[in-house]
file work_33.cif (mmCIF, C-alpha atoms)
data_run
#
loop_
_atom_site.group_PDB
_atom_site.id
_atom_site.type_symbol
_atom_site.label_atom_id
_atom_site.label_comp_id
_atom_site.auth_asym_id
_atom_site.auth_seq_id
_atom_site.Cartn_x
_atom_site.Cartn_y
_atom_site.Cartn_z
ATOM 1 C CA MET A 1 -13.897 -35.904 26.409
ATOM 2 C CA GLN A 2 -14.079 -39.690 26.480
ATOM 3 C CA LEU A 3 -15.295 -41.688 23.500
ATOM 4 C CA ILE A 4 -17.803 -44.429 24.362
ATOM 5 C CA ASP A 5 -16.602 -47.451 22.389
ATOM 6 C CA GLY A 6 -19.695 -49.515 21.601
ATOM 7 C CA LYS A 7 -17.765 -51.876 19.354
ATOM 8 C CA ALA A 8 -15.281 -52.891 22.065
ATOM 9 C CA THR A 9 -18.014 -53.092 24.731
ATOM 10 C CA ALA A 10 -20.183 -55.306 22.515
ATOM 11 C CA ALA A 11 -17.221 -57.593 21.775
ATOM 12 C CA ALA A 12 -16.529 -57.991 25.502
ATOM 13 C CA ILE A 13 -20.176 -58.794 26.277
ATOM 14 C CA LYS A 14 -20.431 -61.313 23.413
ATOM 15 C CA ALA A 15 -17.320 -63.059 24.784
ATOM 16 C CA GLU A 16 -18.989 -63.223 28.219
ATOM 17 C CA ILE A 17 -22.159 -64.666 26.646
ATOM 18 C CA ALA A 18 -20.117 -67.248 24.673
ATOM 19 C CA GLU A 19 -18.429 -68.402 27.879
ATOM 20 C CA GLU A 20 -21.790 -68.771 29.628
ATOM 21 C CA VAL A 21 -23.267 -70.703 26.672
ATOM 22 C CA LYS A 22 -20.231 -73.012 26.669
ATOM 23 C CA ASN A 23 -20.852 -73.767 30.345
ATOM 24 C CA ILE A 24 -24.597 -74.318 29.774
ATOM 25 C CA VAL A 25 -23.974 -76.787 26.938
ATOM 26 C CA ALA A 26 -21.158 -78.528 28.861
ATOM 27 C CA GLY A 27 -23.593 -79.009 31.729
ATOM 28 C CA GLY A 28 -26.123 -80.701 29.449
ATOM 29 C CA GLY A 29 -28.221 -77.602 28.828
ATOM 30 C CA LYS A 30 -29.753 -76.426 25.557
ATOM 31 C CA GLN A 31 -27.900 -74.255 23.052
ATOM 32 C CA PRO A 32 -29.864 -70.974 22.653
ATOM 33 C CA HIS A 33 -31.552 -70.696 19.238
ATOM 34 C CA LEU A 34 -32.430 -67.380 17.542
ATOM 35 C CA ALA A 35 -34.443 -67.262 14.322
ATOM 36 C CA ALA A 36 -34.769 -64.216 12.057
ATOM 37 C CA VAL A 37 -37.413 -63.592 9.389
ATOM 38 C CA LEU A 38 -36.330 -61.278 6.566
ATOM 39 C CA VAL A 39 -38.774 -59.991 3.956
ATOM 40 C CA GLY A 40 -37.453 -58.471 0.733
ATOM 41 C CA HIS A 41 -34.016 -57.043 0.004
ATOM 42 C CA ASP A 42 -33.752 -53.742 1.893
ATOM 43 C CA GLY A 43 -30.033 -52.903 2.147
ATOM 44 C CA GLY A 44 -30.099 -51.836 5.789
ATOM 45 C CA SER A 45 -32.155 -54.854 6.851
ATOM 46 C CA GLU A 46 -29.879 -57.231 4.917
ATOM 47 C CA THR A 47 -26.809 -55.851 6.699
ATOM 48 C CA TYR A 48 -28.477 -55.900 10.104
ATOM 49 C CA VAL A 49 -29.667 -59.501 9.776
ATOM 50 C CA ARG A 50 -26.281 -60.645 8.438
ATOM 51 C CA ASN A 51 -24.628 -59.067 11.497
ATOM 52 C CA LYS A 52 -27.110 -60.867 13.751
ATOM 53 C CA VAL A 53 -26.179 -64.216 12.216
ATOM 54 C CA ILE A 54 -22.465 -63.453 12.761
ATOM 55 C CA ALA A 55 -23.166 -62.423 16.370
ATOM 56 C CA CYS A 56 -24.998 -65.720 16.965
ATOM 57 C CA GLU A 57 -21.881 -67.603 15.838
ATOM 58 C CA GLN A 58 -19.696 -65.491 18.147
ATOM 59 C CA CYS A 59 -22.005 -66.198 21.099
ATOM 60 C CA GLY A 60 -22.295 -69.922 20.424
ATOM 61 C CA PHE A 61 -25.987 -69.716 19.512
ATOM 62 C CA LYS A 62 -27.823 -71.697 16.884
ATOM 63 C CA SER A 63 -29.337 -69.381 14.273
ATOM 64 C CA THR A 64 -31.930 -69.773 11.533
ATOM 65 C CA LEU A 65 -32.639 -67.262 8.752
ATOM 66 C CA ILE A 66 -36.020 -67.461 6.991
ATOM 67 C CA ARG A 67 -36.346 -65.364 3.833
ATOM 68 C CA TYR A 68 -39.391 -64.188 1.890
ATOM 69 C CA GLU A 69 -39.739 -62.000 -1.187
ATOM 70 C CA ASP A 70 -41.489 -58.593 -1.068
ATOM 71 C CA ASN A 71 -44.696 -60.127 -2.415
ATOM 72 C CA VAL A 72 -45.215 -62.496 0.527
ATOM 73 C CA THR A 73 -48.813 -62.298 1.791
ATOM 74 C CA GLU A 74 -49.697 -61.265 5.313
ATOM 75 C CA GLU A 75 -51.313 -64.684 5.766
ATOM 76 C CA GLU A 76 -48.077 -66.481 4.795
ATOM 77 C CA LEU A 77 -46.054 -64.357 7.205
ATOM 78 C CA LEU A 78 -48.526 -64.967 10.049
ATOM 79 C CA GLY A 79 -48.250 -68.687 9.293
ATOM 80 C CA CYS A 80 -44.457 -68.465 9.642
ATOM 81 C CA VAL A 81 -44.805 -66.628 12.984
ATOM 82 C CA ASP A 82 -47.205 -69.320 14.204
ATOM 83 C CA ARG A 83 -44.725 -72.090 13.279
ATOM 84 C CA LEU A 84 -41.907 -70.333 15.112
ATOM 85 C CA ASN A 85 -44.151 -69.796 18.147
ATOM 86 C CA ARG A 86 -44.773 -73.539 18.296
ATOM 87 C CA ASP A 87 -41.209 -74.674 17.523
ATOM 88 C CA GLU A 88 -39.831 -75.784 20.881
ATOM 89 C CA ASP A 89 -36.236 -75.580 19.667
ATOM 90 C CA VAL A 90 -36.538 -71.857 18.846
ATOM 91 C CA ASP A 91 -36.022 -69.785 22.013
ATOM 92 C CA GLY A 92 -36.511 -66.376 20.439
ATOM 93 C CA PHE A 93 -37.134 -64.854 17.042
ATOM 94 C CA ILE A 94 -37.413 -61.545 15.270
ATOM 95 C CA VAL A 95 -39.309 -60.366 12.214
ATOM 96 C CA GLN A 96 -37.042 -57.726 10.692
ATOM 97 C CA LEU A 97 -38.732 -54.338 10.211
ATOM 98 C CA PRO A 98 -39.727 -52.463 8.122
ATOM 99 C CA LEU A 99 -42.132 -54.761 6.278
ATOM 100 C CA PRO A 100 -43.705 -54.086 2.846
ATOM 101 C CA ALA A 101 -46.620 -51.635 2.886
ATOM 102 C CA HIS A 102 -49.273 -54.312 2.249
ATOM 103 C CA ILE A 103 -48.448 -56.041 5.563
ATOM 104 C CA ASP A 104 -49.746 -54.736 8.895
ATOM 105 C CA GLU A 105 -46.590 -54.571 11.027
ATOM 106 C CA GLN A 106 -48.481 -54.286 14.313
ATOM 107 C CA LYS A 107 -50.529 -57.372 13.479
ATOM 108 C CA ILE A 108 -47.302 -59.348 12.920
ATOM 109 C CA ILE A 109 -45.725 -58.049 16.140
ATOM 110 C CA GLU A 110 -48.795 -58.960 18.190
ATOM 111 C CA ALA A 111 -48.862 -62.465 16.676
ATOM 112 C CA ILE A 112 -45.397 -63.225 18.111
ATOM 113 C CA ASP A 113 -45.410 -65.201 21.371
ATOM 114 C CA TYR A 114 -44.271 -62.541 23.870
ATOM 115 C CA ARG A 115 -42.085 -65.174 25.576
ATOM 116 C CA LYS A 116 -40.058 -65.399 22.337
ATOM 117 C CA ASP A 117 -40.216 -61.672 21.496
ATOM 118 C CA VAL A 118 -36.490 -60.928 21.890
ATOM 119 C CA ASP A 119 -36.948 -57.614 20.015
ATOM 120 C CA GLY A 120 -39.125 -56.444 22.911
ATOM 121 C CA PHE A 121 -41.833 -54.966 20.659
ATOM 122 C CA HIS A 122 -44.871 -57.005 21.785
ATOM 123 C CA PRO A 123 -47.395 -54.936 23.792
ATOM 124 C CA ILE A 124 -47.020 -57.321 26.753
ATOM 125 C CA ASN A 125 -43.264 -56.719 26.910
ATOM 126 C CA VAL A 126 -43.741 -52.970 26.369
ATOM 127 C CA GLY A 127 -46.352 -52.868 29.142
ATOM 128 C CA ARG A 128 -44.226 -54.883 31.572
ATOM 129 C CA MET A 129 -41.261 -52.619 30.857
ATOM 130 C CA ALA A 130 -43.386 -49.522 31.549
ATOM 131 C CA ILE A 131 -44.248 -50.715 35.068
ATOM 132 C CA GLY A 132 -40.816 -52.157 35.842
ATOM 133 C CA LEU A 133 -41.549 -55.885 35.570
ATOM 134 C CA PRO A 134 -39.064 -58.421 34.121
ATOM 135 C CA CYS A 135 -39.357 -58.483 30.336
ATOM 136 C CA PHE A 136 -37.463 -58.315 27.078
ATOM 137 C CA ILE A 137 -36.337 -54.703 26.682
ATOM 138 C CA SER A 138 -36.018 -53.549 23.061
ATOM 139 C CA ALA A 139 -32.450 -53.836 21.856
ATOM 140 C CA THR A 140 -31.377 -50.224 21.270
ATOM 141 C CA PRO A 141 -32.578 -48.828 24.644
ATOM 142 C CA LEU A 142 -31.056 -51.855 26.410
ATOM 143 C CA GLY A 143 -27.778 -51.232 24.568
ATOM 144 C CA ILE A 144 -27.736 -47.588 25.662
ATOM 145 C CA LEU A 145 -28.395 -48.534 29.298
ATOM 146 C CA THR A 146 -25.587 -51.087 29.124
ATOM 147 C CA LEU A 147 -23.134 -48.490 27.768
ATOM 148 C CA LEU A 148 -24.040 -46.010 30.509
ATOM 149 C CA ARG A 149 -23.445 -48.684 33.149
ATOM 150 C CA ARG A 150 -20.217 -50.044 31.652
ATOM 151 C CA TYR A 151 -18.742 -46.541 31.540
ATOM 152 C CA ASP A 152 -19.919 -45.760 35.095
ATOM 153 C CA ILE A 153 -21.876 -42.742 33.891
ATOM 154 C CA ARG A 154 -24.028 -41.457 36.729
ATOM 155 C CA THR A 155 -27.669 -41.009 35.702
ATOM 156 C CA SER A 156 -29.516 -40.805 39.034
ATOM 157 C CA GLY A 157 -31.008 -37.354 39.538
ATOM 158 C CA LYS A 158 -29.603 -36.068 36.249
ATOM 159 C CA LYS A 159 -31.618 -34.187 33.635
ATOM 160 C CA CYS A 160 -31.965 -36.394 30.558
ATOM 161 C CA VAL A 161 -33.350 -35.062 27.267
ATOM 162 C CA ILE A 162 -34.474 -37.593 24.668
ATOM 163 C CA LEU A 163 -34.844 -36.377 21.101
ATOM 164 C CA GLY A 164 -37.445 -38.483 19.313
ATOM 165 C CA ARG A 165 -40.586 -40.338 20.369
ATOM 166 C CA SER A 166 -40.510 -43.530 18.307
ATOM 167 C CA ASN A 167 -41.833 -46.814 19.693
ATOM 168 C CA ILE A 168 -38.438 -48.416 19.045
ATOM 169 C CA VAL A 169 -36.164 -45.911 20.824
ATOM 170 C CA GLY A 170 -37.660 -42.661 22.125
ATOM 171 C CA LYS A 171 -40.622 -43.913 24.154
ATOM 172 C CA PRO A 172 -38.966 -46.965 25.763
ATOM 173 C CA MET A 173 -35.797 -44.951 26.468
ATOM 174 C CA ALA A 174 -37.853 -42.326 28.298
ATOM 175 C CA GLN A 175 -39.609 -45.001 30.368
ATOM 176 C CA LEU A 176 -36.325 -46.652 31.322
ATOM 177 C CA MET A 177 -34.425 -43.466 32.114
ATOM 178 C CA MET A 178 -37.116 -42.317 34.540
ATOM 179 C CA GLN A 179 -37.411 -45.672 36.349
ATOM 180 C CA LYS A 180 -35.586 -45.979 39.657
ATOM 181 C CA GLN A 181 -33.894 -49.313 38.853
ATOM 182 C CA TYR A 182 -32.514 -48.054 35.522
ATOM 183 C CA GLY A 183 -31.883 -44.364 34.866
ATOM 184 C CA ASP A 184 -33.507 -42.697 37.896
ATOM 185 C CA SER A 185 -33.290 -39.451 35.905
ATOM 186 C CA THR A 186 -35.536 -36.445 35.318
ATOM 187 C CA VAL A 187 -36.664 -37.025 31.745
ATOM 188 C CA THR A 188 -37.835 -34.642 29.021
ATOM 189 C CA VAL A 189 -38.909 -35.958 25.603
ATOM 190 C CA CYS A 190 -38.527 -33.541 22.689
ATOM 191 C CA HIS A 191 -39.597 -34.028 19.088
ATOM 192 C CA SER A 192 -40.110 -32.134 15.828
ATOM 193 C CA ARG A 193 -43.001 -30.102 17.296
ATOM 194 C CA SER A 194 -41.214 -29.091 20.524
ATOM 195 C CA LYS A 195 -40.974 -25.299 20.653
ATOM 196 C CA THR A 196 -38.303 -25.154 23.388
ATOM 197 C CA LEU A 197 -36.160 -28.034 22.081
ATOM 198 C CA LYS A 198 -32.853 -26.144 22.013
ATOM 199 C CA GLU A 199 -33.404 -24.649 25.458
ATOM 200 C CA GLU A 200 -34.193 -28.095 26.903
ATOM 201 C CA CYS A 201 -31.046 -29.564 25.352
ATOM 202 C CA ARG A 202 -28.851 -26.783 26.769
ATOM 203 C CA GLU A 203 -29.949 -27.736 30.288
ATOM 204 C CA ALA A 204 -29.451 -31.484 29.816
ATOM 205 C CA ASP A 205 -26.816 -33.528 31.612
ATOM 206 C CA ILE A 206 -27.535 -36.388 29.200
ATOM 207 C CA ILE A 207 -28.807 -36.068 25.610
ATOM 208 C CA ILE A 208 -30.025 -39.164 23.773
ATOM 209 C CA ALA A 209 -30.490 -38.206 20.120
ATOM 210 C CA ALA A 210 -32.838 -40.474 18.163
ATOM 211 C CA ILE A 211 -34.578 -38.015 15.892
ATOM 212 C CA GLY A 212 -33.337 -39.385 12.547
ATOM 213 C CA GLN A 213 -31.936 -36.113 11.180
ATOM 214 C CA PRO A 214 -28.206 -36.008 10.341
ATOM 215 C CA ASP A 215 -26.163 -33.405 12.276
ATOM 216 C CA PHE A 216 -29.301 -32.175 14.067
ATOM 217 C CA VAL A 217 -27.565 -31.645 17.423
ATOM 218 C CA THR A 218 -25.062 -28.798 17.169
ATOM 219 C CA ALA A 219 -22.569 -27.337 19.665
ATOM 220 C CA ASP A 220 -24.891 -24.485 20.678
ATOM 221 C CA MET A 221 -27.412 -27.077 21.954
ATOM 222 C CA VAL A 222 -25.000 -28.824 24.336
ATOM 223 C CA LYS A 223 -23.700 -27.619 27.681
ATOM 224 C CA GLU A 224 -20.134 -28.211 28.849
ATOM 225 C CA GLY A 225 -19.622 -31.660 30.352
ATOM 226 C CA ALA A 226 -22.799 -33.206 28.940
ATOM 227 C CA VAL A 227 -23.067 -36.887 28.003
ATOM 228 C CA VAL A 228 -24.262 -37.320 24.404
ATOM 229 C CA ILE A 229 -25.598 -40.626 23.063
ATOM 230 C CA ASP A 230 -26.114 -40.599 19.280
ATOM 231 C CA VAL A 231 -28.619 -43.177 18.014
ATOM 232 C CA GLY A 232 -28.818 -41.774 14.469
ATOM 233 C CA THR A 233 -27.742 -43.937 11.521
ATOM 234 C CA THR A 234 -28.816 -42.121 8.369
ATOM 235 C CA ARG A 235 -27.228 -43.235 5.091
ATOM 236 C CA VAL A 236 -25.681 -40.133 3.490
ATOM 237 C CA PRO A 237 -24.322 -40.288 -0.100
ATOM 238 C CA ASP A 238 -20.507 -40.372 -0.149
ATOM 239 C CA ALA A 239 -18.746 -40.919 -3.486
ATOM 240 C CA SER A 240 -15.418 -41.583 -1.716
ATOM 241 C CA ARG A 241 -16.808 -44.784 -0.142
ATOM 242 C CA LYS A 242 -16.986 -48.112 -1.947
ATOM 243 C CA SER A 243 -20.599 -48.512 -0.794
ATOM 244 C CA GLY A 244 -21.469 -45.043 -2.117
ATOM 245 C CA PHE A 245 -22.683 -43.872 1.303
ATOM 246 C CA ARG A 246 -21.600 -43.335 4.893
ATOM 247 C CA LEU A 247 -23.510 -43.576 8.143
ATOM 248 C CA ASN A 248 -24.220 -40.197 9.694
ATOM 249 C CA GLY A 249 -25.407 -39.645 13.239
ATOM 250 C CA ASP A 250 -27.919 -37.142 14.594
ATOM 251 C CA VAL A 251 -25.071 -35.265 16.290
ATOM 252 C CA LYS A 252 -22.596 -32.953 14.537
ATOM 253 C CA PHE A 253 -19.759 -34.896 16.116
ATOM 254 C CA ASP A 254 -16.707 -32.718 15.358
ATOM 255 C CA GLU A 255 -18.163 -29.584 16.931
ATOM 256 C CA VAL A 256 -20.135 -31.250 19.759
ATOM 257 C CA ALA A 257 -17.507 -33.733 21.006
ATOM 258 C CA PRO A 258 -15.098 -31.144 22.562
ATOM 259 C CA LYS A 259 -17.881 -29.970 24.901
ATOM 260 C CA CYS A 260 -18.802 -33.466 26.132
ATOM 261 C CA SER A 261 -17.617 -35.561 29.052
ATOM 262 C CA PHE A 262 -18.707 -38.687 27.113
ATOM 263 C CA ILE A 263 -19.965 -39.152 23.548
ATOM 264 C CA THR A 264 -20.766 -42.078 21.249
ATOM 265 C CA PRO A 265 -19.410 -42.087 17.683
ATOM 266 C CA VAL A 266 -21.326 -43.127 14.549
ATOM 267 C CA PRO A 267 -20.573 -45.781 13.509
ATOM 268 C CA GLY A 268 -19.134 -47.814 16.393
ATOM 269 C CA GLY A 269 -21.242 -46.460 19.247
ATOM 270 C CA VAL A 270 -24.847 -47.527 19.842
ATOM 271 C CA GLY A 271 -25.103 -49.707 16.693
ATOM 272 C CA PRO A 272 -22.953 -52.661 17.847
ATOM 273 C CA MET A 273 -24.737 -52.593 21.218
ATOM 274 C CA THR A 274 -28.137 -53.072 19.566
ATOM 275 C CA ILE A 275 -27.146 -56.471 18.176
ATOM 276 C CA CYS A 276 -25.312 -57.314 21.400
ATOM 277 C CA SER A 277 -28.529 -56.598 23.359
ATOM 278 C CA LEU A 278 -30.471 -58.930 21.079
ATOM 279 C CA MET A 279 -27.950 -61.633 22.016
ATOM 280 C CA LYS A 280 -28.501 -60.862 25.723
ATOM 281 C CA ASN A 281 -32.271 -61.190 25.247
ATOM 282 C CA THR A 282 -31.825 -64.469 23.351
ATOM 283 C CA LEU A 283 -29.682 -65.884 26.165
ATOM 284 C CA ALA A 284 -32.366 -64.850 28.664
ATOM 285 C CA ALA A 285 -35.020 -66.508 26.451
ATOM 286 C CA GLY A 286 -32.972 -69.704 26.285
ATOM 287 C CA LYS A 287 -32.618 -69.743 30.086
ATOM 288 C CA LYS A 288 -36.353 -68.927 30.481
ATOM 289 C CA GLU A 289 -35.331 -66.117 32.837
ATOM 290 C CA TYR A 290 -38.469 -64.010 32.393
ATOM 291 C CA TYR A 291 -41.238 -66.360 31.356
ATOM 292 C CA ARG A 292 -41.484 -70.056 32.148
ATOM 293 C CA GLN A 293 -42.858 -71.968 29.171
#

call {"tool": "encode", "arguments": {"input": "work_33.cif", "output": "structure tokens"}}
result
Amino acid sequence: MQLIDGKATAAAIKAEIAEEVKNIVAGGGKQPHLAAVLVGHDGGSETYVRNKVIACEQCGFKSTLIRYEDNVTEEELLGCVDRLNRDEDVDGFIVQLPLPAHIDEQKIIEAIDYRKDVDGFHPINVGRMAIGLPCFISATPLGILTLLRRYDIRTSGKKCVILGRSNIVGKPMAQLMMQKQYGDSTVTVCHSRSKTLKEECREADIIIAAIGQPDFVTADMVKEGAVVIDVGTTRVPDASRKSGFRLNGDVKFDEVAPKCSFITPVPGGVGPMTICSLMKNTLAAGKKEYYRQ
């Protein structure tokens, strides 16, 4: 069993990005600029955005954080998106999800200029991804692909089971894993209503667990030599921790790991790669690699 170290991989990639940015700026080019919009004070969102700001510093990017309280109106937020769309210095930006219930998330996502949509959530980017055109790929699926490549894990022709069908992970991951230029795998998507979920998992060469249920994947669901990618990050109460909680993956790590050829831990697996992928998308936005302004 080999542990897939997302933390070390992300650090290496951020160092590569920083070197490229240094060369761009030295050559008279523009420093990439990422802006983040944070609404309210959700603990997970606060941590995630803070880590994005730190990653920007590590990569040599300029970063801007725009904060609103929970009671911000949809109109105000759309106005902020419009300003960022028109700001020529901002290469890419994200509106941190989830948003308060009174705001239509999809409306906000669709208002973002798809050429600055470094989260990869805009329907134009999702559509281009689905048919294999250059685009911004959403950060978590891109991070998983990067880990598979960096660890030379063969995916072509393999049976890949994806647990979960969310727009953020499950659906895009399935699209990418079946495409020839990415996964080139035979893909099955399972979810809470799948009647043969365990049987499908037992036949899988690669399991990508993004179902949002702690310890959902157990040893009896995994065949010997499988590759297991754990996307789960559920906060579980833990009185022994200063924070009062610990992050728990979707995979029962201690019993599943001995059966695997490769497995990601939680934390330190997919999580660091998500932010790293956002940095990769921001660099691409700064270089106008996908869409010429």

call {"tool": "residues_around", "arguments": {"input": "work_33.cif", "residues": "Pro265 in chain A", "least_positions_apart": "6", "cutoff": "9 Å", "atoms": "all atoms listed in the file", "output": "count of residues only"}}
result
9

call {"tool": "resolve_selection", "arguments": {"input": "work_33.cif", "expression": "the PyMOL selection byres ((chain A and resi 273-285) around 8)", "output": "tab-separated table (two decimals) with C-alpha atoms, in the frame of the given file"}}
result
chain	number	residue	atom	x	y	z
A	6	GLY	CA	-19.70	-49.52	21.60
A	7	LYS	CA	-17.76	-51.88	19.35
A	9	THR	CA	-18.01	-53.09	24.73
A	10	ALA	CA	-20.18	-55.31	22.52
A	13	ILE	CA	-20.18	-58.79	26.28
A	14	LYS	CA	-20.43	-61.31	23.41
A	17	ILE	CA	-22.16	-64.67	26.65
A	32	PRO	CA	-29.86	-70.97	22.65
A	33	HIS	CA	-31.55	-70.70	19.24
A	34	LEU	CA	-32.43	-67.38	17.54
A	51	ASN	CA	-24.63	-59.07	11.50
A	52	LYS	CA	-27.11	-60.87	13.75
A	55	ALA	CA	-23.17	-62.42	16.37
A	56	CYS	CA	-25.00	-65.72	16.96
A	59	CYS	CA	-22.00	-66.20	21.10
A	91	ASP	CA	-36.02	-69.78	22.01
A	92	GLY	CA	-36.51	-66.38	20.44
A	115	ARG	CA	-42.08	-65.17	25.58
A	116	LYS	CA	-40.06	-65.40	22.34
A	118	VAL	CA	-36.49	-60.93	21.89
A	119	ASP	CA	-36.95	-57.61	20.02
A	136	PHE	CA	-37.46	-58.32	27.08
A	137	ILE	CA	-36.34	-54.70	26.68
A	138	SER	CA	-36.02	-53.55	23.06
A	139	ALA	CA	-32.45	-53.84	21.86
A	140	THR	CA	-31.38	-50.22	21.27
A	141	PRO	CA	-32.58	-48.83	24.64
A	142	LEU	CA	-31.06	-51.86	26.41
A	143	GLY	CA	-27.78	-51.23	24.57
A	144	ILE	CA	-27.74	-47.59	25.66
A	147	LEU	CA	-23.13	-48.49	27.77
A	269	GLY	CA	-21.24	-46.46	19.25
A	270	VAL	CA	-24.85	-47.53	19.84
A	271	GLY	CA	-25.10	-49.71	16.69
A	272	PRO	CA	-22.95	-52.66	17.85
A	286	GLY	CA	-32.97	-69.70	26.28
A	287	LYS	CA	-32.62	-69.74	30.09
A	288	LYS	CA	-36.35	-68.93	30.48
A	289	GLU	CA	-35.33	-66.12	32.84
A	290	TYR	CA	-38.47	-64.01	32.39
A	291	TYR	CA	-41.24	-66.36	31.36

call {"tool": "axis_aligned_box", "arguments": {"input": "work_33.cif", "around": "range 4-7 of chain A", "padding_each_side": "4 Å", "output": "JSON"}}
result
{"center_x": -18.1, "center_y": -48.2, "center_z": 21.9, "size_x": 11.1, "size_y": 15.4, "size_z": 13.0}

call {"tool": "closest_residue", "arguments": {"input": "work_33.cif", "among": "A:Ala101, A:Val222, A:Lys30, A:Ile263", "to": "Gly60 in chain A", "atoms": "all atoms listed in the file"}}
result
A:Lys30

call {"tool": "residues_around", "arguments": {"input": "work_33.cif", "residues": "range 186-195 of chain A", "least_positions_apart": "6", "cutoff": "7 Å", "atoms": "only C-alpha atoms", "output": "MDAnalysis selection string"}}
result
chainID A and resid 157:165 174 177:178

call {"tool": "atom_distance", "arguments": {"input": "work_33.cif", "atom1": "CA of Lys252 in chain A", "atom2": "CA of Arg50 in chain A"}}
result
28.6 Å

call {"tool": "decode", "arguments": {"input": "work_33.cif", "residues": "range 98-114 of chain A", "atoms": "N, CA and C atoms", "output": "mmCIF file, in the first residue's frame"}}
result
data_model
loop_
_atom_site.group_PDB
_atom_site.id
_atom_site.type_symbol
_atom_site.label_atom_id
_atom_site.label_comp_id
_atom_site.auth_asym_id
_atom_site.auth_seq_id
_atom_site.Cartn_x
_atom_site.Cartn_y
_atom_site.Cartn_z
ATOM 1 N N PRO A 98 -21.131 27.373 0.436
ATOM 2 C CA PRO A 98 -22.515 27.728 0.133
ATOM 3 C C PRO A 98 -22.820 29.185 0.468
ATOM 4 N N LEU A 99 -23.893 29.691 -0.165
ATOM 5 C CA LEU A 99 -24.381 31.042 0.103
ATOM 6 C C LEU A 99 -25.636 30.957 0.980
ATOM 7 N N PRO A 100 -26.003 32.059 1.659
ATOM 8 C CA PRO A 100 -27.230 32.044 2.468
ATOM 9 C C PRO A 100 -28.455 31.652 1.634
ATOM 10 N N ALA A 101 -29.441 31.085 2.287
ATOM 11 C CA ALA A 101 -30.616 30.523 1.613
ATOM 12 C C ALA A 101 -31.381 31.526 0.754
ATOM 13 N N HIS A 102 -31.327 32.822 1.110
ATOM 14 C CA HIS A 102 -32.109 33.807 0.348
ATOM 15 C C HIS A 102 -31.439 34.209 -0.974
ATOM 16 N N ILE A 103 -30.257 33.658 -1.247
ATOM 17 C CA ILE A 103 -29.548 33.979 -2.490
ATOM 18 C C ILE A 103 -29.549 32.765 -3.401
ATOM 19 N N ASP A 104 -29.880 32.982 -4.668
ATOM 20 C CA ASP A 104 -29.923 31.922 -5.672
ATOM 21 C C ASP A 104 -28.485 31.652 -6.149
ATOM 22 N N GLU A 105 -27.908 30.549 -5.670
ATOM 23 C CA GLU A 105 -26.514 30.247 -6.003
ATOM 24 C C GLU A 105 -26.281 30.143 -7.507
ATOM 25 N N GLN A 106 -27.206 29.468 -8.206
ATOM 26 C CA GLN A 106 -27.030 29.270 -9.641
ATOM 27 C C GLN A 106 -27.030 30.602 -10.391
ATOM 28 N N LYS A 107 -27.856 31.521 -9.930
ATOM 29 C CA LYS A 107 -27.927 32.847 -10.544
ATOM 30 C C LYS A 107 -26.579 33.565 -10.405
ATOM 31 N N ILE A 108 -25.950 33.434 -9.231
ATOM 32 C CA ILE A 108 -24.643 34.049 -8.995
ATOM 33 C C ILE A 108 -23.583 33.402 -9.877
ATOM 34 N N ILE A 109 -23.588 32.068 -9.932
ATOM 35 C CA ILE A 109 -22.606 31.342 -10.748
ATOM 36 C C ILE A 109 -22.710 31.746 -12.221
ATOM 37 N N GLU A 110 -23.938 31.844 -12.717
ATOM 38 C CA GLU A 110 -24.132 32.171 -14.131
ATOM 39 C C GLU A 110 -23.799 33.626 -14.453
ATOM 40 N N ALA A 111 -23.778 34.480 -13.408
ATOM 41 C CA ALA A 111 -23.433 35.890 -13.622
ATOM 42 C C ALA A 111 -21.926 36.096 -13.767
ATOM 43 N N ILE A 112 -21.137 35.120 -13.324
ATOM 44 C CA ILE A 112 -19.671 35.224 -13.411
ATOM 45 C C ILE A 112 -19.239 35.077 -14.863
ATOM 46 N N ASP A 113 -18.331 35.955 -15.302
ATOM 47 C CA ASP A 113 -17.750 35.842 -16.647
ATOM 48 C C ASP A 113 -17.018 34.497 -16.721
ATOM 49 N N TYR A 114 -17.428 33.622 -17.639
ATOM 50 C CA TYR A 114 -16.860 32.272 -17.687
ATOM 51 C C TYR A 114 -15.352 32.291 -17.930
#
